[in-house]
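Visitor: File run.cif follows (mmCIF, C-alpha atoms and all ligand atoms):
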```
data_final
#
loop_
_atom_site.label_atom_id
_atom_site.label_comp_id
_atom_site.auth_asym_id
_atom_site.auth_seq_id
_atom_site.Cartn_x
_atom_site.Cartn_y
_atom_site.Cartn_z
CA MET W 1 216.50 211.17 162.13
CA LEU W 2 220.18 211.97 161.64
CA LEU W 3 221.67 214.08 164.39
CA THR W 4 224.50 216.43 163.96
CA TYR W 5 226.31 219.19 165.70
CA ALA W 6 226.42 222.13 163.41
CA ALA W 7 226.49 223.35 159.90
CA ALA W 8 229.17 222.20 157.55
CA ALA W 9 229.18 223.04 153.88
CA PRO W 10 226.88 220.59 152.07
CA GLY W 11 228.13 218.80 148.99
CA LYS W 12 231.27 217.32 150.50
CA SER W 13 232.79 213.98 149.62
CA ALA W 14 234.07 211.35 152.04
CA LEU W 15 236.31 208.35 151.51
CA LEU W 16 236.19 205.52 154.03
CA LEU W 17 238.90 202.88 154.35
CA GLY W 18 237.96 200.04 156.69
CA ALA W 19 234.19 200.09 156.11
CA SER W 20 233.87 196.32 156.56
CA GLY W 21 235.08 196.52 160.18
CA GLU W 22 233.07 197.13 163.34
CA VAL W 23 233.50 200.90 163.56
CA GLY W 24 233.67 201.24 159.78
CA ARG W 25 230.33 199.62 159.03
CA HIS W 26 228.51 202.02 161.37
CA LEU W 27 230.45 204.97 160.01
CA LEU W 28 229.56 204.02 156.45
CA GLN W 29 225.82 204.03 157.23
CA GLU W 30 226.18 207.38 159.01
CA LEU W 31 227.98 208.95 156.08
CA LEU W 32 225.39 207.62 153.64
CA GLN W 33 222.59 209.06 155.75
CA ASP W 34 224.29 212.41 156.12
CA PRO W 35 223.07 215.01 153.61
CA GLN W 36 226.32 216.95 154.12
CA PHE W 37 228.09 214.25 152.11
CA THR W 38 226.91 213.93 148.57
CA ARG W 39 229.58 211.40 147.56
CA VAL W 40 230.88 208.56 149.71
CA GLY W 41 233.67 206.22 148.66
CA GLU W 42 234.16 202.78 150.18
CA TYR W 43 237.50 201.31 149.17
CA GLY W 44 238.65 198.04 150.71
CA ARG W 45 239.84 194.53 150.02
CA ARG W 46 236.14 193.69 150.13
CA VAL W 47 233.16 196.01 150.05
CA THR W 48 229.76 196.05 151.74
CA PRO W 49 227.15 193.91 149.94
CA ALA W 50 224.27 195.90 148.40
CA ASP W 51 221.65 194.30 150.68
CA LYS W 52 223.48 195.64 153.75
CA ILE W 53 223.28 199.26 152.59
CA GLU W 54 220.25 200.84 154.22
CA VAL W 55 220.20 204.33 152.70
CA GLY W 56 222.14 206.52 150.32
CA LYS W 57 223.06 203.84 147.78
CA GLY W 58 222.98 206.46 145.03
CA LYS W 59 225.92 208.38 146.44
CA LEU W 60 228.09 205.37 147.25
CA GLU W 61 231.14 204.54 145.13
CA GLN W 62 232.64 201.14 146.00
CA LYS W 63 235.96 199.78 144.84
CA THR W 64 237.86 196.63 145.71
CA VAL W 65 241.53 197.43 146.13
CA ASN W 66 244.78 195.63 146.87
CA PHE W 67 246.56 197.43 149.70
CA ASP W 68 249.91 195.97 148.56
CA LYS W 69 249.45 197.91 145.32
CA ILE W 70 247.53 200.84 146.69
CA GLU W 71 249.18 203.26 144.25
CA GLU W 72 247.17 201.53 141.50
CA ALA W 73 243.83 202.15 143.25
CA GLY W 74 243.37 205.72 142.02
CA LEU W 75 242.52 207.04 145.48
CA LYS W 76 243.61 210.55 144.52
CA ASP W 77 241.19 210.69 141.59
CA GLY W 78 238.22 210.93 143.95
CA LYS W 79 239.51 214.31 145.25
CA TRP W 80 237.92 213.41 148.61
CA ASP W 81 237.26 216.23 151.05
CA VAL W 82 237.37 214.02 154.13
CA VAL W 83 239.34 210.77 154.34
CA TYR W 84 238.19 208.49 157.16
CA ILE W 85 240.33 205.52 158.19
CA THR W 86 239.07 202.73 160.46
CA LEU W 87 241.38 200.10 159.00
CA GLY W 88 243.43 198.08 161.43
CA THR W 89 244.11 194.60 162.71
CA THR W 90 245.50 192.63 165.63
CA ARG W 91 248.72 190.67 165.87
CA ALA W 92 246.76 187.44 166.23
CA LEU W 93 244.77 188.08 163.06
CA ALA W 94 247.79 189.28 161.09
CA GLY W 95 249.83 186.22 162.06
CA SER W 96 253.07 187.94 163.09
CA ALA W 97 254.37 191.21 164.46
CA ALA W 98 255.76 192.16 161.03
CA ALA W 99 252.47 191.40 159.27
CA PHE W 100 250.60 193.34 161.96
CA GLU W 101 252.77 196.43 161.44
CA LYS W 102 252.45 196.15 157.70
CA ILE W 103 248.64 196.17 157.82
CA ASP W 104 248.04 198.38 160.83
CA ARG W 105 250.62 201.02 159.93
CA GLU W 106 251.97 200.73 156.39
CA TYR W 107 248.61 200.08 154.73
CA VAL W 108 247.06 202.96 156.64
CA ILE W 109 249.79 205.52 155.96
CA ASN W 110 250.31 204.49 152.33
CA ALA W 111 246.59 204.64 151.59
CA ALA W 112 246.26 208.06 153.23
CA ARG W 113 249.25 209.27 151.18
CA GLU W 114 247.63 208.02 147.99
CA ALA W 115 244.31 209.70 148.82
CA LYS W 116 245.94 213.11 149.28
CA VAL W 117 245.56 215.29 146.21
CA ASP W 118 248.46 217.29 144.79
CA ASP W 119 246.49 220.54 144.62
CA PRO W 120 247.47 222.55 147.76
CA SER W 121 244.33 224.71 147.48
CA HIS W 122 242.11 221.68 148.07
CA GLN W 123 241.40 221.47 151.82
CA GLN W 124 241.44 217.81 152.78
CA ARG W 125 240.77 216.49 156.25
CA LEU W 126 242.04 213.16 157.57
CA VAL W 127 240.17 211.40 160.39
CA TYR W 128 241.80 208.27 161.82
CA CYS W 129 240.56 205.73 164.36
CA SER W 130 243.60 204.90 166.47
CA SER W 131 243.39 203.42 169.97
CA GLY W 132 243.49 204.45 173.61
CA ALA W 133 247.05 204.48 175.03
CA ALA W 134 248.61 204.88 171.57
CA ASN W 135 252.20 205.93 172.08
CA PRO W 136 255.12 205.75 169.63
CA HIS W 137 257.45 204.90 172.54
CA SER W 138 255.28 202.21 174.07
CA LEU W 139 256.87 198.86 174.92
CA PHE W 140 253.80 197.15 173.52
CA LEU W 141 253.57 196.47 169.81
CA TYR W 142 249.89 197.43 169.40
CA THR W 143 249.99 200.79 171.17
CA ARG W 144 253.43 201.61 169.68
CA SER W 145 252.24 200.90 166.16
CA LYS W 146 249.15 203.06 166.66
CA GLY W 147 251.32 205.90 168.03
CA LEU W 148 253.69 205.67 165.07
CA THR W 149 250.77 205.52 162.64
CA GLU W 150 249.33 208.71 164.13
CA LEU W 151 252.63 210.52 163.59
CA GLY W 152 253.03 209.09 160.10
CA LEU W 153 249.57 210.32 159.13
CA ALA W 154 250.07 213.76 160.65
CA GLY W 155 253.26 214.11 158.62
CA LEU W 156 251.49 213.64 155.28
CA GLY W 157 250.49 217.29 155.07
CA TYR W 158 246.69 217.09 155.08
CA SER W 159 245.00 220.39 155.91
CA GLU W 160 244.26 218.81 159.25
CA THR W 161 244.50 215.39 160.85
CA ILE W 162 242.07 214.36 163.58
CA VAL W 163 242.94 211.27 165.59
CA PHE W 164 240.46 209.33 167.71
CA ARG W 165 241.71 207.22 170.59
CA PRO W 166 238.76 205.09 171.68
CA GLY W 167 238.95 202.67 174.57
CA LEU W 168 237.61 199.13 174.40
CA LEU W 169 234.73 198.71 171.94
CA THR W 170 231.85 197.37 174.04
CA ASP W 171 229.35 196.08 171.53
CA THR W 172 231.24 194.39 168.74
CA GLN W 173 229.31 191.78 166.76
CA ARG W 174 232.04 189.91 164.97
CA PRO W 175 231.32 186.71 163.08
CA ASP W 176 234.44 185.31 164.79
CA PRO W 177 234.53 186.86 168.28
CA ARG W 178 238.01 187.75 169.56
CA PHE W 179 238.89 186.02 172.81
CA MET W 180 240.64 188.95 174.51
CA GLU W 181 238.05 191.46 173.37
CA SER W 182 235.16 189.32 174.70
CA LEU W 183 236.99 188.74 177.96
CA LEU W 184 237.67 192.43 178.49
CA GLN W 185 234.10 193.34 177.55
CA ARG W 186 232.81 191.00 180.27
CA LEU W 187 235.30 192.35 182.78
CA PHE W 188 234.44 195.95 181.98
CA ASN W 189 230.75 195.28 182.32
CA LEU W 190 231.36 194.48 185.97
CA ARG W 191 232.54 198.02 186.66
CA SER W 192 230.41 200.77 185.17
CA SER W 193 233.03 203.48 185.83
CA TRP W 194 235.53 201.56 183.67
CA VAL W 195 233.00 201.45 180.88
CA THR W 196 232.54 205.21 181.02
CA ASP W 197 236.21 206.04 181.22
CA TYR W 198 237.85 203.35 179.12
CA ALA W 199 235.24 201.85 176.83
CA ILE W 200 232.80 203.00 174.19
CA PRO W 201 230.17 201.54 171.87
CA THR W 202 231.22 201.25 168.21
CA THR W 203 228.26 203.42 167.20
CA GLY W 204 229.58 206.20 169.46
CA VAL W 205 232.97 206.13 167.77
CA ALA W 206 231.34 206.17 164.34
CA THR W 207 229.07 209.10 165.19
CA ALA W 208 231.87 211.11 166.74
CA MET W 209 234.16 210.48 163.77
CA ARG W 210 231.50 211.52 161.30
CA ILE W 211 230.83 214.71 163.22
CA ALA W 212 234.52 215.62 163.53
CA GLY W 213 235.03 214.99 159.82
CA GLU W 214 232.13 217.29 159.03
CA LEU W 215 233.10 220.09 161.35
CA GLY W 216 236.87 220.06 161.47
CA THR W 217 238.91 220.99 164.52
CA ALA W 218 238.00 224.67 164.59
CA LYS W 219 234.27 223.99 164.92
CA LEU W 220 234.47 221.10 167.36
CA PRO W 221 232.39 221.74 170.49
CA ALA W 222 234.28 222.20 173.76
CA GLU W 223 232.83 218.90 175.07
CA ALA W 224 235.03 217.01 172.61
CA LYS W 225 237.99 218.17 174.70
CA ALA W 226 240.18 218.14 171.62
CA THR W 227 243.87 218.68 172.27
CA THR W 228 246.90 219.01 170.05
CA ALA W 229 249.44 216.22 170.08
CA GLY W 230 252.29 215.03 167.90
CA GLY W 231 254.98 217.64 168.60
CA ASP W 232 256.59 218.63 165.29
CA THR W 233 253.86 216.88 163.32
CA PRO W 234 250.80 218.18 165.16
CA PHE W 235 247.38 216.59 164.98
CA THR W 236 244.08 217.02 166.78
CA LEU W 237 243.50 214.38 169.41
CA ILE W 238 240.16 213.23 170.82
CA ASP W 239 240.26 210.66 173.60
CA ASN W 240 237.63 208.24 174.89
CA LEU W 241 235.80 210.76 177.08
CA GLY W 242 235.81 213.33 174.28
CA ILE W 243 234.42 210.74 171.87
CA ARG W 244 231.68 209.86 174.35
CA ALA W 245 230.76 213.50 174.84
CA LEU W 246 230.78 214.24 171.12
CA ALA W 247 228.63 211.21 170.32
CA ASN W 248 226.24 211.53 173.27
CA ASP W 249 225.79 215.25 173.07
CA SER W 250 224.99 214.96 169.42
CA THR W 251 221.96 212.91 170.42
CA ASP W 252 221.01 214.85 173.55
CA ASP W 253 221.51 218.36 172.45
CA CYS W 254 221.00 218.44 168.76
CA MET W 255 217.44 217.41 168.12
CA SER W 256 216.79 220.77 166.55
CA GLN W 257 219.62 221.19 164.16
CA TRP W 258 217.64 221.57 160.97
CA LEU W 259 215.04 224.07 162.05
CA GLU W 260 212.30 225.83 160.26
CA VAL W 261 211.00 228.94 161.96
CA THR W 262 207.86 230.52 160.54
CA GLY W 263 207.03 234.16 161.16
CA THR W 264 210.68 235.09 161.42
CA SER W 265 209.91 238.76 160.88
CA SER W 266 208.47 238.98 164.41
CA GLU W 267 210.78 240.07 167.20
CA LEU W 268 210.57 236.66 168.85
CA GLY W 269 211.10 234.76 165.56
CA LYS W 270 214.05 236.94 164.56
CA CYS W 271 215.60 236.61 168.00
CA LEU W 272 215.17 232.82 167.98
CA ALA W 273 216.68 232.57 164.50
CA GLU W 274 219.72 234.65 165.51
CA CYS W 275 220.27 232.66 168.66
CA VAL W 276 220.11 229.35 166.80
CA LEU W 277 222.36 230.62 164.00
CA GLU W 278 224.94 231.86 166.49
CA ARG W 279 225.18 228.31 167.82
CA GLY W 280 226.06 227.13 164.31
CA HIS W 281 222.81 225.34 163.50
CA ILE W 282 221.07 225.29 160.16
CA ILE W 283 217.85 227.24 159.81
CA VAL W 284 215.12 227.86 157.29
CA ALA W 285 213.52 231.19 158.09
CA THR W 286 210.15 231.83 156.53
CA LEU W 287 208.19 235.07 156.44
CA ARG W 288 205.90 236.99 154.12
CA ASN W 289 208.46 239.57 153.18
CA PRO W 290 211.95 237.99 152.84
CA THR W 291 213.68 241.38 152.53
CA ASP W 292 212.98 241.90 156.26
CA LEU W 293 215.79 239.43 156.92
CA ASN W 294 218.38 240.99 154.60
CA SER W 295 220.64 241.90 157.50
CA LEU W 296 220.62 238.31 158.80
CA LYS W 297 221.20 236.98 155.27
CA ALA W 298 224.26 239.17 154.96
CA LYS W 299 225.71 237.66 158.14
CA TYR W 300 225.27 233.93 157.48
CA PRO W 301 226.17 231.72 154.50
CA PRO W 302 223.41 230.10 152.40
CA GLU W 303 224.48 226.65 153.68
CA GLN W 304 223.34 227.75 157.13
CA LEU W 305 220.45 230.12 156.49
CA LEU W 306 217.74 229.72 153.88
CA VAL W 307 215.18 232.52 153.77
CA LEU W 308 211.89 231.67 152.07
CA LYS W 309 208.73 233.62 151.37
CA LEU W 310 205.84 231.94 153.14
CA ASP W 311 202.36 233.08 154.01
CA VAL W 312 201.20 230.35 156.39
CA SER W 313 197.58 230.86 155.33
CA ARG W 314 198.43 229.83 151.74
CA ASN W 315 198.66 226.10 151.09
CA ASP W 316 200.65 226.55 147.86
CA ASP W 317 203.26 228.64 149.75
CA ILE W 318 203.57 225.92 152.40
CA ALA W 319 204.00 223.13 149.83
CA ALA W 320 206.58 225.16 147.89
CA ALA W 321 208.57 225.92 151.06
CA PHE W 322 208.79 222.27 152.11
CA THR W 323 209.77 221.23 148.57
CA LYS W 324 212.56 223.81 148.61
CA VAL W 325 213.82 222.66 152.02
CA GLN W 326 213.88 219.05 150.81
CA GLU W 327 215.78 220.14 147.69
CA VAL W 328 218.37 222.23 149.55
CA TYR W 329 218.95 220.35 152.83
CA GLY W 330 217.21 217.01 152.29
CA ARG W 331 215.88 216.99 155.85
CA LEU W 332 214.06 218.97 158.48
CA ASP W 333 214.07 218.08 162.16
CA VAL W 334 211.93 220.69 163.86
CA VAL W 335 209.36 223.26 162.84
CA VAL W 336 208.91 226.24 165.16
CA ASN W 337 205.60 227.81 164.31
CA ASP W 338 205.99 231.40 165.35
CA ALA W 339 203.72 232.93 162.74
CA GLY W 340 200.58 234.35 164.28
CA TYR W 341 198.77 237.45 165.38
CA ASN W 342 195.77 238.51 167.40
CA ILE W 343 192.83 240.86 167.17
CA VAL W 344 191.94 242.81 170.25
CA GLY W 345 188.27 243.66 170.51
CA GLU W 346 184.84 242.28 171.14
CA ILE W 347 183.97 239.05 169.35
CA GLU W 348 180.59 240.39 168.27
CA ASP W 349 182.27 243.31 166.51
CA THR W 350 184.93 241.24 164.75
CA PRO W 351 184.20 241.05 161.01
CA GLU W 352 183.73 237.45 159.87
CA GLU W 353 186.45 237.81 157.24
CA ALA W 354 188.97 239.00 159.86
CA ALA W 355 188.06 236.11 162.16
CA HIS W 356 188.54 233.61 159.31
CA LYS W 357 191.91 235.12 158.43
CA LEU W 358 193.01 234.91 162.08
CA PHE W 359 191.91 231.28 162.23
CA ASP W 360 193.72 230.48 158.94
CA VAL W 361 197.00 231.93 160.17
CA ASN W 362 196.97 230.87 163.82
CA PHE W 363 195.31 227.52 163.64
CA LEU W 364 195.28 225.86 160.21
N1 LIG N 1 238.37 196.50 169.09
C1 LIG N 1 238.62 197.43 169.99
O1 LIG N 1 238.23 197.32 171.16
C2 LIG N 1 239.38 198.66 169.60
C3 LIG N 1 239.58 199.63 170.57
C4 LIG N 1 240.23 200.79 170.22
C5 LIG N 1 240.70 200.96 168.93
N2 LIG N 1 240.53 199.99 168.01
C6 LIG N 1 241.06 200.27 166.66
O2 LIG N 1 240.03 200.92 165.93
C7 LIG N 1 240.10 200.57 164.55
C8 LIG N 1 238.77 200.00 164.14
O3 LIG N 1 238.45 198.89 164.99
P1 LIG N 1 237.45 197.77 164.53
O4 LIG N 1 237.23 196.88 165.67
O5 LIG N 1 236.32 198.41 163.83
O6 LIG N 1 238.35 196.99 163.45
P2 LIG N 1 237.94 195.71 162.63
O7 LIG N 1 236.54 195.32 162.89
O8 LIG N 1 239.00 194.70 162.88
O9 LIG N 1 238.04 196.23 161.13
C9 LIG N 1 239.24 196.49 160.54
C10 LIG N 1 239.11 196.93 159.11
O10 LIG N 1 240.42 196.84 158.54
C11 LIG N 1 240.39 196.01 157.38
N3 LIG N 1 241.56 195.17 157.27
C12 LIG N 1 242.10 194.38 158.21
N4 LIG N 1 243.12 193.70 157.70
C13 LIG N 1 243.22 194.05 156.40
C14 LIG N 1 244.07 193.69 155.33
N5 LIG N 1 245.04 192.77 155.49
N6 LIG N 1 243.88 194.27 154.14
C15 LIG N 1 242.91 195.16 153.96
N7 LIG N 1 242.06 195.54 154.92
C16 LIG N 1 242.22 194.99 156.12
C17 LIG N 1 239.19 195.11 157.59
O11 LIG N 1 238.79 194.63 156.33
P3 LIG N 1 238.29 193.11 156.13
O12 LIG N 1 236.86 193.14 156.52
O13 LIG N 1 238.51 192.87 154.69
O14 LIG N 1 239.10 192.26 157.04
C18 LIG N 1 238.20 196.05 158.27
O15 LIG N 1 237.55 196.82 157.30
C19 LIG N 1 241.22 199.57 164.42
O16 LIG N 1 242.39 200.23 164.01
C20 LIG N 1 241.40 199.04 165.84
O17 LIG N 1 242.74 198.63 166.07
C21 LIG N 1 239.85 198.86 168.30
#
```
Will you turn the file into structure tokens for me?
Ligand SMILES: NC(=O)c1ccc[n+]([C@@H]2O[C@H](COP(=O)([O-])OP(=O)(O)OC[C@H]3O[C@@H](n4cnc5c(N)ncnc54)[C@H](OP(=O)(O)O)[C@@H]3O)[C@@H](O)[C@H]2O)c1
Guide:
Amino acid sequence: MLLTYAAAAPGKSALLLGASGEVGRHLLQELLQDPQFTRVGEYGRRVTPADKIEVGKGKLEQKTVNFDKIEEAGLKDGKWDVVYITLGTTRALAGSAAAFEKIDREYVINAAREAKVDDPSHQQRLVYCSSGAANPHSLFLYTRSKGLTELGLAGLGYSETIVFRPGLLTDTQRPDPRFMESLLQRLFNLRSSWVTDYAIPTTGVATAMRIAGELGTAKLPAEAKATTAGGDTPFTLIDNLGIRALANDSTDDCMSQWLEVTGTSSELGKCLAECVLERGHIIVATLRNPTDLNSLKAKYPPEQLLVLKLDVSRNDDIAAAFTKVQEVYGRLDVVVNDAGYNIVGEIEDTPEEAAHKLFDVNFL
């Protein structure tokens, strides 16, 4: 089951740069699973082999690109709604400080620039995986480069830029383990409070990034503790604790995001639907007479509220409702069966037909 925070408009497209990396490979699978994204682009110097793609192959567009000639890659043509970047390197891997800065900063900023469309009416969101302690004035090359990259990205003029600053990644599974990373992981495992404050699993970063890309800054939950940074070139900043909260809460709190409530015309059903909608979740409200929910329909967009006619005693109605939900949202997490009624009276006096009807509605 895919877990998410709240409703975002379905039918969005996402581009991911860095999908072959540790965070990127988890993020790619999340995006492919996510019904909110109907098109996912994976552009990189190498792309994920087909046998490693678990779901959503049909919506994946892969392209091998040369980051030294990124202007030839046609990134703009995809008109991506959300551009995710998990591309980066280390000085050791790059071979020199200059090569590190070229890959970690120039490649990232140039690619983001190329992915930005010229049409100012197209809202595009940029989500970048930076690093804890990123600071453009840092004495250290790695954190300075990340800080400068953040500012460079924020200056590109995307509708919004969301920067993640994760701590140490705790569960990397690299074919060639990195000495310092492994050492720090072992050290951190000795102190659980360090892990909580300064480290995070790669899956957590991927989940939090996907959620932030879906929702955008304005709809981020308070637990993400998003702040604004960047001075003259502002961007939204989410640090390690915010990433943890966003990722963990999405699993703890959001089991019931795609809800179907039957019998929504009842006071309890209507009240439940309103309460869930107010929290930004997606709901399918079913009832025998859909016009009873006209006022609710007027308040919420069709991406968040789908009202369907359903008599729970009719099998054809039930089948049609589930087919429609599959067609529109592609998933359903929880069914709240609120449809029901009672007959008050003596059993002996209850007509058989009425008893059957009661049983059909309440039980079957
Ligand atoms: N590791 C940590 O503990 C940690 C902590 C905080 C933040 N971060 C940052 O978070 C981001 C993601 O981390 P990660 O561990 O997932 O990174 P990663 O596993 O090293 O993946 C980096 C991605 O960048 C691509 N890349 C690297 N060099 C490239 C080049 N020369 N040309 C084209 N693509 C290149 C890689 O593609 P290839 O597969 O083709 O090499 C891969 O897709 C990075 O920016 C990292 O600095 C890491």
Visitor: When the cut-off is 9 Å and you count all atoms listed in the file, which residues lie near ligand LIG 1 (chain N), shown as a PyMOL selection string?
Guide: chain W and resi 17-26+44-47+65-68+85-90+93-94+99-100+102-104+107+128-132+142+146+164-174+178+181+184-185+199-200+202+205
Visitor: Please tell me which residues are no farther than 7 Å from (246.4, 214.3, 165.3) in the file, counting all atoms listed in the file, and write them as a list of chain:residue names.
Guide: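 Final list of nearby residues, as requested, is W:Glu150, W:Ala154, W:Thr161, W:Ile162, W:Val163, W:Thr228, W:Ala229, W:Gly230, W:Pro234, W:Phe235, W:Thr236, W:Leu237.
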Visitor: For the atom pair atom CA of Thr38 of chain W and atom CA of Lys79 of chain W, what is the interatomic distance in Å to one decimal place?
Guide: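 Distance between the two atoms: 13.0 Å.
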Visitor: For Lys76 of chain W, list every protein, DNA or RNA residue within 6 Å, evaluated using all atoms listed in the file, and leave out those in the same chain fewer than 3 positions away; present the list as JSON, numbers by chain.
Guide: {"W": [79, 114, 115, 116, 117]}
Visitor: To one decimal place, how far is atom CA of Leu31 of chain W from atom CA of Leu305 of chain W in Å?
Guide: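 A separation of 22.5 Å between them.
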Visitor: Any idea what the distance is between atom CA of Asn337 of chain W and atom CA of Leu296 of chain W?
Guide: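 Spanning atom CA of Asn337 of chain W to atom CA of Leu296 of chain W is a straight-line distance of 19.1 Å.
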Visitor: Find, counting only C-alpha atoms, the residue in W:Leu332, W:Ala92, W:Leu358, W:Leu75 that gets nearest to Val344 of chain W.
Guide: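 Of the candidates, the smallest distance to Val344 of chain W is held by W:Leu358.
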Visitor: Go ahead and find all residues with at least one atom no further than 7 Å from (232.3, 208.9, 155.9) in the file's coordinates, using all atoms listed in the file; report them as a list in words.
Guide: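 In the file's frame, the residues around the point are Ala14, Leu15, Leu16, Leu27, Leu28, Leu31, Val40, Tyr84 and Arg210 of chain W.
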Visitor: So for segment 322-339 of chain W, what box centre and size do we get, axis-aligned, 6 Å extra on each of the six sides, every listed atom, Å to one decimal, as lines of an AutoDock Vina configuration file?
Guide:
```
center_x = 211.3
center_y = 225.0
center_z = 156.5
size_x = 27.2
size_y = 27.9
size_z = 29.7
```
Visitor: Which residue, W:Gly242, W:Pro49, W:Gly74, W:Pro35, has the smallest gap to Asp197 of chain W when you use only C-alpha atoms?
Guide: W:Gly242
Visitor: Can you pull out every residue within 12 Å of Asp292 of chain W, counting only C-alpha atoms, but drop anything in the same chain fewer than 4 positions away, and send it as an MDAnalysis selection string?
Guide: chainID W and resid 263:267 269:270 285:288 296:298 307:309
Visitor: Residues at most 10 Å from Arg113 of chain W, counting all atoms listed in the file, excluding those fewer than 6 positions away in the same chain, as a list in words?
Guide: Ile70, Glu71, Leu75, Lys76, Tyr107, Gly152, Leu153, Gly155, Leu156, Gly157 and Tyr158 of chain W
